[in-house]
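In what follows, a structure is listed as structure tokens, so that the remarks can point back to it.
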Amino acid sequence: MEAVLFGITAVLALAGGVGVVAARQPVHSALALLLVLLSLAVDYLLLAAQFIAALQVIVYAGAIVVLFVFIIMLLHTRSGEGPRAGAGLPRAGAGVLCGLFGLALLALAAGVRETAPPPAPGFGTIQDVGRALFGRYLLPFEAASALLLIGMVGAVALGKRLRPAGDPSPGRPQAPPAGGPARAR
Amino acid sequence: MRAAILIPLFPLAGWVVNGLLGDRWGRRAVAWVACGTVVAAFAVSLAVLARLLALPPGARSAAVVLYEWIGTGSVRAPLGLLVDPLSVALALVVSGVGALIHIYSVGYMAGDEHIARYFAYLNLFMASMLWLVLAGNLVAMFIGWEGVGLCSYLLIAFWFTRPPAAAAGVKAFLVTRLGDVGFLLGIFLAFAVFGTTDFTAMARAAGSRLPLGGPAATALALLLFLGATGKSAQLPLYVWLPDAMEGPTPVSALIHAATMVTAGVYMIVRMHAVYLRAPLALDVVAIVGAATAIFAAAAALAEPDLKRVLAYSTISQLGYMFLGVGVGAWSDGIFHLTSHAFFKALLFLAAGAVMHALGGETDMRRMGGLAGRLPATAGAFAVGALALAGIWPFAGFFSKEAILSDAFRAGRVWLWAVALAAAGLTALYIARAFALVFVLPPGEGSAGPAGCREGDAPRAAGHRGLAPGAEVADPPPVMRWPMGALALLTLLGGALGWSAARPGVLARWLGPLLAPGALRSSEGTHGSEAALAAAGLAVAVAGIVLVWLVYVRRALRVRSQAVQTVLAHRFYVEDFYAAAVVAPVRAVARWAGGFDRAVIDGAVVGLARAIGGGGAVLRRLQSGYLRHYAALALVGVLALLAYWMWR
Amino acid sequence: MSVPAPYYLGLSAVLFTLGMAGVLVRRSALIVFMSVELMLNAVNLTLVTFARLRGAVDGQVLVFFVLVVAAVEVVIGLAIIVDIFRSRDTVDVDDVDLLRG
């Protein structure tokens, strides 16, 4: 049963991964990313990490991907890539580098101990993770909250930044919602 | 006892206030702040003295730790004070004489527009000097030691727009720095030997840690003495002090006569436990002291400049102090330090009054016959001169006789003889100076031995000369009263060291603290004491009579060109330094300059060019494309992985 | 744990490599960003796997913090992309080469 589930999710995740990288349209990439995230959530369940699986669905799939889609809509760009090429790295070079790296990672992964005894009851539940979070990891937890606040303030500051006067952008009318209300304030 | 910290703190506050705000305030406010803080320090010193007097003699020592300044492992140096009879005695002398000279300065510097800067420096000096005498360990003392050196530099070069003053300041700073190197090495050695530099701890441990006459004790004592020779202007590092007379005269009185230059003597007395373990070093101290005493006295004989005569006299008297401590007469060294502070400050202030009346003139050949026109000044100078010459009953007689008899009874008859001869020279030069300035008619002075320097340009070229018939009068009361007070102290100061019972007040006060010198034989009957005193007195009187015969009566003619030339060149010590030290250093500097330009600059510039060229090549890596950076990072990760996997 | 750990780790390695290839090859800032998210998720999978292997919950706590950081990163990153788009009218990372030496 577990093996079958793992096989299905692995295939879906790999397909999604390829989709993210290969899709022409950013929207397709975003949808492929959603597929990867959901497959991984199932894998987390298989690995006795219920809480993380739930977080994966709620935060990643629910919030982050939605944010991506929203931004894509705001900018309504197509691929965002012009026809020009050659400025970057040759594709072959990138492929070789990535291939080498992936092989190295796989070689490392193959050397890992195969299985583990069944976990203690309650392992990976909200109570379990929560106890660790509010116990030993209390300080990092509070720091994370501060980080979130800083991110929020930073996003607002970036969104509100005014364009230098006398620089009307030609692209402006096509994307009125892009921070328009924020600037108006 | 914690109140003792107020003693240096008051002048420090004065420095801060006058330094920051003095330029905006009036001169009166500046003067009040400066004098008030020093008088307050003196009052606190008196209060601490009273507290100490209330304690039994054995318990009159208190350490006050302010905070742990350096505390790294085995090296610990707290910023602490040591309040004991010795430090309080010195604090009283320093703050008392300092207060008088501050008050005198109000009149002396009245015409100077930088009076706020002057008093700020002077207050900083007082703070440093009081910190020096009150410091509880060598490291803390070093702060004050360097502080007074800095202030000495600042005040010598106070009129820094005059090139000689600026050069003299630099010279004083550099020469004393030579001695400070020795002092610093001594501190390191003390850390190595004792593991601490706390004075009481070192005094306690000296017996066990330092073998008698061993290399450690001798090296430590000699290194510290090197610091003392720099600060106290002893042979061979005395050369800065005569030039230091370029500073304002109250500064000469305070720093270069009464207080700072005696720091070396104080330090040796403070460290006497170490010196007792090093008889060889003590002998060196005594010999250097005696040699300096007679050398500087001889040099003073041919000096035409009034302030420089007093400067050489200070060097000579400091030599006496070192002779005293060198034969183990600690309290007599301090006694002479104290009485010298009184009478030499008095002499300087009187000389300052003369200069004040003559518009800054210091060349004695252009003075003369001033006794009638400056009666108060002449009287003050006469009191100081008699004390310096060692005439009964002035303080100088008692303190000098004490040191002479100590040297004699310690079995150092040769040193005693040298010091006795120096005493005769002392009487000679100071009587000559008095005669030239106050007694002889103007212009007569050039007939004497000073005539051989007739060709010299007048030292005080920057000053107004002595205008004939100018209004010449005694200084205002604000300057006269400090002189009067010092004259009184000079008259009565002998009581500190000489009383019916031989251990005088000062000796009994310091007694519990200072282990008696091992060299000092305890016998010494009243009869030999009197004979020694009579010998000293006779020599002094002989010197004065000789001056009277040569200069006033012209009954004797001293015409030995060779002697005069040698004296006028101060035995060619400075010329020797110029040829043996300064010239080679200049040559090395020139060579090093060429080396610097050709090799080091070449290497540096070449390296810079190579880096610039390399940068021009490497900047192509910075394409600005995100993926290039990412790819480079990936290459780095791969390299790390490869290393890790095939390690 | 009927599926051996190396399988999970292998899946993670392949996903990470895919994400890296996306970063290196794609020029659209949005897709580069999504590739970075892919890499983060690959790492998360590794963390969860090792947490399971060791029977310790610390790996999962670490994933929690990665999630927080990823959320902040996305918020700031997307704000920056919007800002760049506003001023330069492009989301092509090759058009943004202010770092060129």
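By order of appearance in the structure tokens: chains A, B, ..., then residues from 1 within every chain, and ligands from 1 in the order shown.
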- Neighbours of Thr200 (chain B) within 12 Å (only C-alpha atoms; same-chain residues fewer than 2 positions away dropped), as JSON, numbers by chain? {"B": [61, 62, 63, 80, 81, 82, 83, 84, 135, 136, 137, 138, 194, 196, 197, 198, 202, 203, 204, 205, 206, 270, 271, 272, 273, 274, 513, 514]}
With C-alpha atoms retained, could you export that selection as an mmCIF file, in the first residue's frame?
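Output below, filename again_24.cif:
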data_model
loop_
_atom_site.group_PDB
_atom_site.id
_atom_site.type_symbol
_atom_site.label_atom_id
_atom_site.label_comp_id
_atom_site.auth_asym_id
_atom_site.auth_seq_id
_atom_site.Cartn_x
_atom_site.Cartn_y
_atom_site.Cartn_z
ATOM 1 C CA SER B 61 47.945 52.371 54.616
ATOM 2 C CA ALA B 62 44.798 51.877 52.621
ATOM 3 C CA ALA B 63 44.312 50.555 49.141
ATOM 4 C CA GLY B 80 43.677 51.657 42.311
ATOM 5 C CA LEU B 81 45.005 54.167 44.761
ATOM 6 C CA LEU B 82 47.383 53.543 47.589
ATOM 7 C CA VAL B 83 46.847 55.989 50.417
ATOM 8 C CA ASP B 84 49.747 55.844 52.816
ATOM 9 C CA ALA B 135 48.560 55.240 42.196
ATOM 10 C CA GLY B 136 48.481 51.868 43.840
ATOM 11 C CA ASN B 137 50.439 49.890 41.288
ATOM 12 C CA LEU B 138 53.032 50.419 38.597
ATOM 13 C CA PHE B 194 55.803 39.188 40.949
ATOM 14 C CA THR B 196 51.414 41.795 39.985
ATOM 15 C CA THR B 197 52.576 45.360 40.154
ATOM 16 C CA ASP B 198 50.717 46.306 43.288
ATOM 17 C CA MET B 202 55.586 43.769 45.661
ATOM 18 C CA ALA B 203 57.063 45.161 48.875
ATOM 19 C CA ARG B 204 55.844 42.097 50.746
ATOM 20 C CA ALA B 205 57.063 39.610 48.152
ATOM 21 C CA ALA B 206 60.380 41.278 47.303
ATOM 22 C CA ARG B 270 58.044 53.700 46.288
ATOM 23 C CA MET B 271 59.920 50.683 44.943
ATOM 24 C CA HIS B 272 62.587 50.737 47.619
ATOM 25 C CA ALA B 273 61.870 47.143 48.563
ATOM 26 C CA VAL B 274 63.064 46.097 45.116
ATOM 27 C CA LEU B 513 56.562 52.404 55.549
ATOM 28 C CA LEU B 514 60.194 52.514 54.542
#
Would you give me, as JSON lines, each residue of region 4-93 of chain C having an atom within 9 Å of an atom of region 56-66 of chain A, along with its shortest atom pair and that distance in Å to one decimal, using only C-alpha atoms and sorting by chain and residue number?
{"residue": "C:Met34", "atom": "CA", "partner": "A:Val65", "partner_atom": "CA", "distance": 8.9}
{"residue": "C:Leu67", "atom": "CA", "partner": "A:Val59", "partner_atom": "CA", "distance": 7.7}
{"residue": "C:Val68", "atom": "CA", "partner": "A:Val59", "partner_atom": "CA", "distance": 9.0}
{"residue": "C:Ala70", "atom": "CA", "partner": "A:Ile64", "partner_atom": "CA", "distance": 8.7}
{"residue": "C:Ala71", "atom": "CA", "partner": "A:Ile64", "partner_atom": "CA", "distance": 6.7}
{"residue": "C:Val74", "atom": "CA", "partner": "A:Ile64", "partner_atom": "CA", "distance": 7.1}
{"residue": "C:Val75", "atom": "CA", "partner": "A:Ile64", "partner_atom": "CA", "distance": 8.4}
- Task: From region 320-451 of chain B, collect each residue whose DSSP state is alpha helix (DSSP H) and return the set as a count of residues only.
- Result: 88
Once you count only C-alpha atoms, what closest atom pair and distance in Å to one decimal does each residue of chain A within 12 Å of chain B have, with rows by chain and rising residue number, as a tab-separated table?
residue	atom	partner	partner_atom	distance
A:Gly86	CA	B:Tyr625	CA	11.5
A:Ala87	CA	B:Tyr625	CA	8.1
A:Gly88	CA	B:Arg627	CA	6.9
A:Leu89	CA	B:His628	CA	6.8
A:Pro90	CA	B:His628	CA	10.4
A:Arg91	CA	B:Arg627	CA	11.3
A:Gly93	CA	B:Ala631	CA	9.3
A:Ala94	CA	B:Ala631	CA	7.5
A:Gly95	CA	B:Ala631	CA	10.8
A:Val96	CA	B:Val635	CA	10.9
A:Leu97	CA	B:Val635	CA	7.4
A:Cys98	CA	B:Leu634	CA	8.3
A:Gly99	CA	B:Leu638	CA	10.8
A:Leu100	CA	B:Leu638	CA	7.9
A:Phe101	CA	B:Leu638	CA	6.4
A:Gly102	CA	B:Leu638	CA	10.1
A:Leu103	CA	B:Leu638	CA	10.7
A:Ala104	CA	B:Leu641	CA	7.5
A:Leu105	CA	B:Leu641	CA	9.0
A:Ala107	CA	B:Met645	CA	9.6
A:Leu108	CA	B:Met645	CA	8.7
A:Gly111	CA	B:Met645	CA	11.6
Let's have the selection written as a compact mmCIF listing (two decimals), in the first residue's frame, with all heavy atoms.
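See out.txt below for the written result:
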# COMPACT_ATOMS: atom_id res chain seq x y z
N GLY A 86 21.14 33.66 -25.63
CA GLY A 86 22.59 33.69 -25.77
C GLY A 86 23.29 34.50 -24.72
O GLY A 86 24.49 34.35 -24.49
N ALA A 87 22.54 35.38 -24.05
CA ALA A 87 23.19 36.16 -23.00
C ALA A 87 23.55 35.28 -21.83
O ALA A 87 24.47 35.54 -21.10
CB ALA A 87 22.27 37.29 -22.54
N GLY A 88 22.79 34.23 -21.66
CA GLY A 88 22.98 33.40 -20.48
C GLY A 88 23.97 32.29 -20.68
O GLY A 88 24.88 32.34 -21.51
N LEU A 89 23.77 31.26 -19.90
CA LEU A 89 24.65 30.11 -19.91
C LEU A 89 24.19 29.17 -21.03
O LEU A 89 23.00 29.03 -21.27
CB LEU A 89 24.46 29.43 -18.56
CG LEU A 89 25.42 28.40 -18.05
CD1 LEU A 89 26.73 29.04 -17.71
CD2 LEU A 89 24.79 27.78 -16.82
N PRO A 90 25.11 28.53 -21.73
CA PRO A 90 24.67 27.52 -22.70
C PRO A 90 23.88 26.43 -21.99
O PRO A 90 24.23 26.01 -20.89
CB PRO A 90 25.99 26.99 -23.26
CG PRO A 90 27.06 27.85 -22.75
CD PRO A 90 26.54 28.68 -21.65
N ARG A 91 22.82 25.98 -22.63
CA ARG A 91 21.96 24.99 -21.98
C ARG A 91 22.71 23.71 -21.69
O ARG A 91 22.50 23.07 -20.66
CB ARG A 91 20.77 24.68 -22.88
CG ARG A 91 19.90 25.90 -22.98
CD ARG A 91 18.48 25.53 -23.25
NE ARG A 91 17.68 26.72 -22.99
CZ ARG A 91 16.36 26.74 -22.93
NH1 ARG A 91 15.69 25.63 -23.12
NH2 ARG A 91 15.72 27.83 -22.67
N GLY A 93 25.84 23.36 -21.01
CA GLY A 93 26.68 23.53 -19.82
C GLY A 93 25.86 23.38 -18.56
O GLY A 93 26.25 22.67 -17.62
N ALA A 94 24.72 24.06 -18.54
CA ALA A 94 23.87 23.97 -17.36
C ALA A 94 23.45 22.53 -17.13
O ALA A 94 23.44 22.03 -16.00
CB ALA A 94 22.64 24.85 -17.56
N GLY A 95 23.10 21.82 -18.24
CA GLY A 95 22.67 20.43 -18.09
C GLY A 95 23.76 19.57 -17.49
O GLY A 95 23.52 18.77 -16.59
N VAL A 96 25.00 19.75 -17.98
CA VAL A 96 26.10 18.93 -17.47
C VAL A 96 26.29 19.18 -15.98
O VAL A 96 26.43 18.25 -15.17
CB VAL A 96 27.39 19.23 -18.26
CG1 VAL A 96 28.58 18.61 -17.57
CG2 VAL A 96 27.24 18.70 -19.67
N LEU A 97 26.31 20.47 -15.62
CA LEU A 97 26.51 20.81 -14.21
C LEU A 97 25.44 20.18 -13.34
O LEU A 97 25.71 19.53 -12.32
CB LEU A 97 26.49 22.33 -14.04
CG LEU A 97 27.78 23.08 -14.35
CD1 LEU A 97 27.56 24.58 -14.18
CD2 LEU A 97 28.89 22.60 -13.42
N CYS A 98 24.18 20.35 -13.77
CA CYS A 98 23.08 19.82 -12.97
C CYS A 98 23.13 18.31 -12.91
O CYS A 98 22.88 17.71 -11.85
CB CYS A 98 21.74 20.27 -13.55
SG CYS A 98 21.49 22.03 -13.34
N GLY A 99 23.47 17.71 -14.04
CA GLY A 99 23.54 16.25 -14.04
C GLY A 99 24.58 15.74 -13.07
O GLY A 99 24.33 14.84 -12.27
N LEU A 100 25.76 16.36 -13.13
CA LEU A 100 26.81 15.96 -12.19
C LEU A 100 26.33 16.09 -10.76
O LEU A 100 26.50 15.19 -9.93
CB LEU A 100 28.05 16.86 -12.39
CG LEU A 100 28.98 16.48 -13.53
CD1 LEU A 100 30.05 17.54 -13.70
CD2 LEU A 100 29.59 15.12 -13.26
N PHE A 101 25.70 17.22 -10.47
CA PHE A 101 25.26 17.47 -9.12
C PHE A 101 24.21 16.45 -8.68
O PHE A 101 24.27 15.90 -7.58
CB PHE A 101 24.70 18.89 -9.04
CG PHE A 101 24.33 19.31 -7.65
CD1 PHE A 101 25.32 19.55 -6.71
CD2 PHE A 101 23.01 19.43 -7.27
CE1 PHE A 101 24.99 19.93 -5.44
CE2 PHE A 101 22.68 19.80 -6.00
CZ PHE A 101 23.67 20.05 -5.06
N GLY A 102 23.24 16.20 -9.60
CA GLY A 102 22.20 15.23 -9.26
C GLY A 102 22.79 13.85 -9.01
O GLY A 102 22.40 13.16 -8.06
N LEU A 103 23.75 13.47 -9.83
CA LEU A 103 24.36 12.15 -9.64
C LEU A 103 25.06 12.08 -8.29
O LEU A 103 24.97 11.08 -7.56
CB LEU A 103 25.37 11.89 -10.76
CG LEU A 103 24.71 11.52 -12.10
CD1 LEU A 103 25.76 11.33 -13.18
CD2 LEU A 103 23.87 10.24 -11.94
N ALA A 104 25.75 13.17 -7.96
CA ALA A 104 26.43 13.18 -6.67
C ALA A 104 25.42 13.02 -5.54
O ALA A 104 25.62 12.24 -4.60
CB ALA A 104 27.21 14.48 -6.50
N LEU A 105 24.31 13.75 -5.65
CA LEU A 105 23.28 13.66 -4.60
C LEU A 105 22.73 12.24 -4.53
O LEU A 105 22.54 11.69 -3.43
CB LEU A 105 22.15 14.64 -4.89
CG LEU A 105 22.40 16.11 -4.54
CD1 LEU A 105 21.09 16.88 -4.65
CD2 LEU A 105 22.94 16.24 -3.13
N ALA A 107 24.18 9.52 -5.39
CA ALA A 107 25.18 8.62 -4.82
C ALA A 107 25.17 8.73 -3.31
O ALA A 107 25.28 7.72 -2.58
CB ALA A 107 26.55 8.97 -5.38
N LEU A 108 25.04 9.97 -2.83
CA LEU A 108 24.99 10.15 -1.38
C LEU A 108 23.75 9.51 -0.79
O LEU A 108 23.79 8.85 0.25
CB LEU A 108 25.00 11.65 -1.04
CG LEU A 108 26.35 12.35 -1.18
CD1 LEU A 108 26.18 13.84 -0.96
CD2 LEU A 108 27.33 11.77 -0.17
N GLY A 111 23.69 5.78 -0.09
CA GLY A 111 24.48 5.26 1.02
C GLY A 111 23.77 5.33 2.35
O GLY A 111 24.34 4.96 3.37
- Expected answer as a PyMOL selection string: chain C residues within 8 Å of chain B, only C-alpha atoms: chain C and resi 23-25+93-94+96-101
Atoms to include: N, CA, C and O atoms. Write the selected residues as a PDB file, in the first residue's frame.
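As a result, out_29.pdb now contains:
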ATOM      1  N   VAL C  23      16.555  27.253 -12.319  1.00  0.00           N
ATOM      2  CA  VAL C  23      17.215  28.518 -11.975  1.00  0.00           C
ATOM      3  C   VAL C  23      18.259  28.877 -13.017  1.00  0.00           C
ATOM      4  O   VAL C  23      18.403  30.037 -13.409  1.00  0.00           O
ATOM      5  N   LEU C  24      18.986  27.846 -13.478  1.00  0.00           N
ATOM      6  CA  LEU C  24      20.080  28.138 -14.401  1.00  0.00           C
ATOM      7  C   LEU C  24      19.593  28.441 -15.801  1.00  0.00           C
ATOM      8  O   LEU C  24      20.242  29.163 -16.549  1.00  0.00           O
ATOM      9  N   VAL C  25      18.459  27.873 -16.200  1.00  0.00           N
ATOM     10  CA  VAL C  25      18.077  27.939 -17.608  1.00  0.00           C
ATOM     11  C   VAL C  25      17.011  28.992 -17.878  1.00  0.00           C
ATOM     12  O   VAL C  25      17.088  29.723 -18.857  1.00  0.00           O
ATOM     13  N   VAL C  93      15.232  38.087 -16.018  1.00  0.00           N
ATOM     14  CA  VAL C  93      16.376  38.338 -15.151  1.00  0.00           C
ATOM     15  C   VAL C  93      17.591  38.781 -15.942  1.00  0.00           C
ATOM     16  O   VAL C  93      18.481  39.417 -15.406  1.00  0.00           O
ATOM     17  N   ASP C  94      17.638  38.485 -17.237  1.00  0.00           N
ATOM     18  CA  ASP C  94      18.798  38.909 -18.013  1.00  0.00           C
ATOM     19  C   ASP C  94      18.756  40.395 -18.325  1.00  0.00           C
ATOM     20  O   ASP C  94      19.764  40.982 -18.700  1.00  0.00           O
ATOM     21  N   VAL C  96      18.106  42.488 -16.068  1.00  0.00           N
ATOM     22  CA  VAL C  96      18.497  43.151 -14.817  1.00  0.00           C
ATOM     23  C   VAL C  96      19.937  42.766 -14.537  1.00  0.00           C
ATOM     24  O   VAL C  96      20.219  41.736 -13.958  1.00  0.00           O
ATOM     25  N   ASP C  97      20.863  43.615 -14.990  1.00  0.00           N
ATOM     26  CA  ASP C  97      22.269  43.241 -14.828  1.00  0.00           C
ATOM     27  C   ASP C  97      23.039  44.382 -14.177  1.00  0.00           C
ATOM     28  O   ASP C  97      24.142  44.704 -14.575  1.00  0.00           O
ATOM     29  N   LEU C  98      22.434  44.978 -13.170  1.00  0.00           N
ATOM     30  CA  LEU C  98      23.111  46.094 -12.503  1.00  0.00           C
ATOM     31  C   LEU C  98      24.387  45.644 -11.811  1.00  0.00           C
ATOM     32  O   LEU C  98      25.225  46.448 -11.450  1.00  0.00           O
ATOM     33  N   LEU C  99      24.544  44.341 -11.593  1.00  0.00           N
ATOM     34  CA  LEU C  99      25.732  43.872 -10.881  1.00  0.00           C
ATOM     35  C   LEU C  99      26.930  43.726 -11.804  1.00  0.00           C
ATOM     36  O   LEU C  99      27.993  43.332 -11.363  1.00  0.00           O
ATOM     37  N   ARG C 100      26.716  44.056 -13.099  1.00  0.00           N
ATOM     38  CA  ARG C 100      27.835  43.832 -14.015  1.00  0.00           C
ATOM     39  C   ARG C 100      29.042  44.676 -13.613  1.00  0.00           C
ATOM     40  O   ARG C 100      28.920  45.854 -13.344  1.00  0.00           O
ATOM     41  N   GLY C 101      30.226  44.023 -13.639  1.00  0.00           N
ATOM     42  CA  GLY C 101      31.454  44.713 -13.209  1.00  0.00           C
ATOM     43  C   GLY C 101      32.023  45.581 -14.311  1.00  0.00           C
ATOM     44  O   GLY C 101      31.627  45.506 -15.456  1.00  0.00           O
TER      45      GLY C 101
END
- Item | Near-Gln60 (chain C) list (7 Å; only C-alpha atoms; drop same-chain fewer than 2 positions) as a ChimeraX atom specification | /A:52 /C:47-48,51,57-58,62-64
